[in-house]
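Data file: model04.txt. Format and content: compact mmCIF, C-alpha atoms.
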```
# COMPACT_ATOMS: atom_id res chain seq x y z
CA MET A 1197 100.71 114.06 101.14
CA ARG A 1198 96.99 113.33 101.36
CA TYR A 1199 97.15 111.87 97.87
CA TRP A 1200 99.67 109.20 98.85
CA ALA A 1201 98.05 108.54 102.22
CA TYR A 1202 94.74 107.87 100.47
CA PHE A 1203 96.50 105.52 98.05
CA ALA A 1204 98.18 103.66 100.92
CA ALA A 1205 94.88 103.42 102.81
CA LYS A 1206 93.17 101.89 99.77
CA LEU A 1207 95.98 99.35 99.41
CA VAL A 1208 95.86 98.45 103.12
CA VAL A 1209 92.07 97.96 103.12
CA ALA A 1210 92.16 95.87 99.96
CA GLY A 1211 95.12 93.86 101.27
CA ALA A 1212 93.33 93.15 104.56
CA ALA A 1213 90.16 92.05 102.76
CA LEU A 1214 92.06 89.81 100.36
CA TYR A 1215 94.17 88.35 103.15
CA GLY A 1216 90.97 87.60 105.07
CA LEU A 1217 89.59 85.88 101.99
CA LEU A 1218 92.75 83.76 101.74
CA VAL A 1219 92.53 82.81 105.42
CA LEU A 1220 88.86 81.87 104.93
CA LEU A 1221 89.82 79.81 101.87
CA ASN A 1222 92.47 77.90 103.86
CA TRP A 1223 90.13 77.44 106.83
CA LYS A 1224 87.16 76.16 104.82
CA TRP A 1225 89.16 73.77 102.64
CA PRO A 1226 89.45 70.26 104.08
CA PRO A 1227 92.92 69.43 105.36
CA PRO A 1228 94.95 66.96 103.31
CA PRO A 1229 95.31 63.39 104.57
CA ARG A 1230 98.37 62.51 106.61
CA PHE A 1231 100.68 59.75 105.53
CA TYR A 1232 102.55 57.72 108.13
CA VAL A 1233 105.69 55.73 107.49
CA GLN A 1234 105.63 52.38 109.28
CA HIS A 1235 108.08 51.78 112.13
CA GLN A 1236 108.97 55.47 112.23
CA VAL A 1237 107.34 58.54 113.68
CA VAL A 1238 107.74 60.63 110.50
CA THR A 1239 104.52 62.26 109.38
CA TYR A 1240 104.23 63.56 105.83
CA ILE A 1241 101.53 66.06 104.88
CA PRO A 1242 101.45 66.61 101.11
CA PRO A 1243 100.94 70.21 99.95
CA ARG A 1244 97.47 71.10 98.71
CA PHE A 1245 98.64 73.61 96.13
CA GLY A 1246 99.64 71.85 92.95
CA TYR A 1247 98.26 68.45 93.97
CA ASP A 1248 94.63 69.24 94.75
CA LEU A 1249 93.11 70.62 91.54
CA SER A 1250 90.09 72.33 93.13
CA PHE A 1251 92.24 74.07 95.78
CA THR A 1252 94.74 75.15 93.11
CA LEU A 1253 91.91 76.63 90.99
CA ALA A 1254 90.50 78.44 94.03
CA VAL A 1255 93.93 79.97 94.76
CA LEU A 1256 94.22 80.95 91.08
CA VAL A 1257 90.88 82.76 91.27
CA TRP A 1258 92.01 84.48 94.48
CA PHE A 1259 95.27 85.54 92.79
CA LEU A 1260 93.40 86.95 89.76
CA LEU A 1261 91.04 88.82 92.09
CA SER A 1262 94.03 90.26 93.98
CA THR A 1263 95.74 91.36 90.78
CA ALA A 1264 92.58 92.97 89.40
CA THR A 1265 92.00 94.78 92.70
CA ALA A 1266 95.52 96.22 92.69
CA TYR A 1267 95.16 97.27 89.04
CA PHE A 1268 91.87 99.09 89.65
CA ILE A 1269 93.23 100.82 92.76
CA VAL A 1270 96.17 102.20 90.76
CA TRP A 1271 93.90 103.11 87.81
CA ASP A 1272 91.48 104.97 90.10
CA GLN A 1273 94.30 106.81 91.84
CA ARG A 1274 95.74 108.13 88.56
CA TYR A 1275 92.51 110.02 87.81
CA ARG A 1276 92.15 111.74 91.19
CA CYS A 1277 92.96 115.34 92.06
CA ARG A 1278 96.26 115.62 93.92
CA VAL A 1279 94.78 118.20 96.33
CA CYS A 1280 91.15 117.33 97.12
CA LEU A 1281 91.14 113.64 96.03
CA ARG A 1282 88.00 114.04 93.93
CA ARG A 1283 87.75 112.32 90.57
CA LEU A 1284 89.04 114.43 87.68
CA ARG A 1285 86.31 115.49 85.25
CA MET A 1286 85.69 117.02 81.83
CA PRO A 1287 88.12 115.19 79.52
CA ILE A 1288 89.12 117.44 76.62
CA GLU A 1289 90.89 116.09 73.57
CA THR A 1290 93.58 118.36 72.15
CA GLY A 1291 95.74 117.91 69.10
CA SER A 1292 95.08 115.85 66.01
CA TRP A 1293 96.79 113.00 64.23
CA ASN A 1294 96.13 114.74 60.89
CA ARG A 1295 97.75 117.99 62.06
CA MET A 1296 100.31 116.64 64.44
CA LEU A 1297 103.07 118.94 63.19
CA GLN A 1298 100.89 122.02 63.80
CA PHE A 1299 99.13 121.17 67.06
CA GLY A 1300 101.26 118.41 68.53
CA ARG A 1301 100.41 114.85 69.43
CA PRO A 1302 96.84 114.16 70.54
CA ARG A 1303 96.40 114.47 74.29
CA ILE A 1304 93.55 114.22 76.75
CA GLU A 1305 93.27 116.77 79.55
CA TYR A 1306 91.29 116.20 82.74
CA ILE A 1307 90.60 119.01 85.20
CA CYS A 1308 89.62 119.21 88.82
CA ALA A 1309 86.14 120.68 89.08
CA TYR A 1310 87.39 122.90 91.93
CA GLY A 1311 90.30 124.33 89.95
CA HIS A 1312 93.18 122.61 91.73
CA GLY A 1313 94.95 121.38 88.60
CA THR A 1314 95.01 119.67 85.24
CA LEU A 1315 96.15 116.19 84.26
CA ARG A 1316 97.52 115.87 80.71
CA GLU A 1317 98.21 112.46 79.22
CA ASP A 1318 98.87 111.21 75.72
CA GLU A 1319 95.90 109.80 73.88
CA PHE A 1320 97.99 106.92 72.57
CA GLN A 1321 101.20 105.89 74.28
CA ILE A 1322 103.62 104.45 71.78
CA SER A 1323 106.73 103.94 73.87
CA GLY A 1324 105.11 103.36 77.26
CA LEU A 1325 107.57 105.75 78.92
CA GLU A 1326 105.30 108.79 78.91
CA ASN A 1327 103.94 109.69 82.34
CA PRO A 1328 100.85 111.84 82.76
CA GLU A 1329 101.68 115.45 83.57
CA TRP A 1330 99.95 117.02 86.58
CA THR A 1331 99.89 120.82 86.48
CA PRO A 1332 98.74 122.52 89.70
CA HIS A 1333 96.82 125.79 89.39
CA SER A 1334 96.97 128.79 91.67
CA ASP A 1335 94.42 129.27 94.42
CA ASP A 1336 92.63 132.00 92.51
CA PHE A 1337 91.77 130.36 89.20
CA TRP A 1338 89.82 133.45 88.07
CA ASP A 1339 93.17 135.23 87.61
CA GLU A 1340 94.24 132.49 85.22
CA LEU A 1341 90.96 132.65 83.30
CA CYS A 1342 91.02 136.43 82.99
CA ALA A 1343 94.75 136.67 82.23
CA SER A 1344 94.25 136.23 78.48
CA SER A 1345 91.87 139.22 78.28
CA LYS A 1346 94.28 141.65 80.02
CA GLU A 1347 96.82 143.79 78.23
CA PRO A 1348 100.47 142.80 78.79
CA GLY A 1349 101.32 145.78 81.01
CA GLU A 1350 97.98 146.05 82.84
CA GLN A 1351 97.88 145.53 86.61
CA PRO A 1352 94.82 144.07 88.38
```
Give the structure from this file in structure tokens form.
Amino acid sequence: MRYWAYFAAKLVVAGAALYGLLVLLNWKWPPPPRFYVQHQVVTYIPPRFGYDLSFTLAVLVWFLLSTATAYFIVWDQRYRCRVCLRRLRMPIETGSWNRMLQFGRPRIEYICAYGHGTLREDEFQISGLENPEWTPHSDDFWDELCASSKEPGEQP
């Protein structure tokens, strides 16, 4: 739950900052001239976007900044521990393209430095449908590390 709350908080903060930047952009830009039709009270205000080149370019830069911010927020969130929210460390490459039938497809594994879990993702995503696999570890990671040295029937 903390994982998704942190993600939502990052999106809200970034959205508020970008919305404030858009409000500042609209406030600082000079208003368009008003056109009056003679013998009538109709007032026409032409839109700035699409007709004023400098305003349109400024909105384009704002849009690109918003898109890049959302992309980096999602990218940062993918490489965080699901429990403690720290960045995942120690990438280990497993598998080989030369020996794919023996060892499987190449993957990269990231671990939480505090032993909360492991993130496994494909080194090269061909189809785009592969999601990274998060594997949580038990609270006592020393049991997992020492499990390979124990005999099958041995009790701790």
> Which is closer to Thr1331 (chain A) than all the others in A:Leu1297, A:Cys1277, A:Trp1225, A:Tyr1310, using all atoms listed in the file?
Replying inline: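 Of A:Leu1297, A:Cys1277, A:Trp1225, A:Tyr1310, the one nearest Thr1331 (chain A), counting all atoms listed in the file, is A:Cys1277.
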>> As an exercise, work out the distance from CA of Tyr1247 (chain A) to CA of Thr1263 (chain A) in Å and give it to one decimal place.
In response: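 Interatomic distance, CA of Tyr1247 (chain A) to CA of Thr1263 (chain A): 23.3 Å.
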> Within 9 Å of (91.2, 115.4, 91.6), in the coordinates the file gives, what residues turn up when you count all atoms listed in the file, written out as a ChimeraX atom specification?
Replying inline: /A:1275-1285,1306-1310,1312-1315
> Which is closest to His1333 (chain A) among A:Arg1244, A:Gly1300, A:Val1255, A:Gly1311, if we use all atoms listed in the file?
Replying inline: A:Gly1311
> Which residues, written as an MDAnalysis selection string, have at least one atom at most 12 Å from Ala1254 (chain A), with only C-alpha atoms counted and residues fewer than 6 positions away on the same chain left out?
Replying inline: chainID A and resid 1217:1218 1220:1222 1224:1225 1244:1246 1248 1260:1261
Can those selected residues be exported to a file as a PDB file, in the frame of the given file so that it contains C-alpha atoms?
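Done, and the output landed in out.pdb:
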```pdb
ATOM      1  CA  LEU A1217      89.590  85.880 101.990  1.00  0.00           C
ATOM      2  CA  LEU A1218      92.750  83.760 101.740  1.00  0.00           C
ATOM      3  CA  LEU A1220      88.860  81.870 104.930  1.00  0.00           C
ATOM      4  CA  LEU A1221      89.820  79.810 101.870  1.00  0.00           C
ATOM      5  CA  ASN A1222      92.470  77.900 103.860  1.00  0.00           C
ATOM      6  CA  LYS A1224      87.160  76.160 104.820  1.00  0.00           C
ATOM      7  CA  TRP A1225      89.160  73.770 102.640  1.00  0.00           C
ATOM      8  CA  ARG A1244      97.470  71.100  98.710  1.00  0.00           C
ATOM      9  CA  PHE A1245      98.640  73.610  96.130  1.00  0.00           C
ATOM     10  CA  GLY A1246      99.640  71.850  92.950  1.00  0.00           C
ATOM     11  CA  ASP A1248      94.630  69.240  94.750  1.00  0.00           C
ATOM     12  CA  LEU A1260      93.400  86.950  89.760  1.00  0.00           C
ATOM     13  CA  LEU A1261      91.040  88.820  92.090  1.00  0.00           C
TER      14      LEU A1261
END
```
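Proximity of A:Gln1321, A:Ser1262, A:Trp1330, A:Pro1242 to Tyr1215 (chain A), computed with all atoms listed in the file, is greatest for A:Ser1262.
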Box centre and edge lengths (Å, one decimal), axis-aligned, region 1198-1216 of chain A plus 4 Å each side, as AutoDock Vina command-line options:
```
--center_x 94.9 --center_y 100.5 --center_z 101.5 --size_x 17.5 --size_y 33.7 --size_z 15.2
```
>> What's the separation between CA of Glu1329 (chain A) and CA of Arg1295 (chain A), in Å to one decimal place?
In response: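 Calculated distance between CA of Glu1329 (chain A) and CA of Arg1295 (chain A) is 22.0 Å.
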> Between CA of Arg1198 (chain A) and CA of Ile1269 (chain A), what is the spacing in Å?
Replying inline: 15.6 Å
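Residue nearest Val1219 (chain A) within the list A:Pro1328, A:Val1270, A:Glu1289, A:Trp1258: A:Trp1258 [criterion: smallest interatomic distance, only C-alpha atoms].
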>> With distances taken over only C-alpha atoms, which residue among A:Trp1223, A:Tyr1199, A:Phe1299, A:Trp1293 lies nearest Phe1320 (chain A)?
In response: A:Trp1293
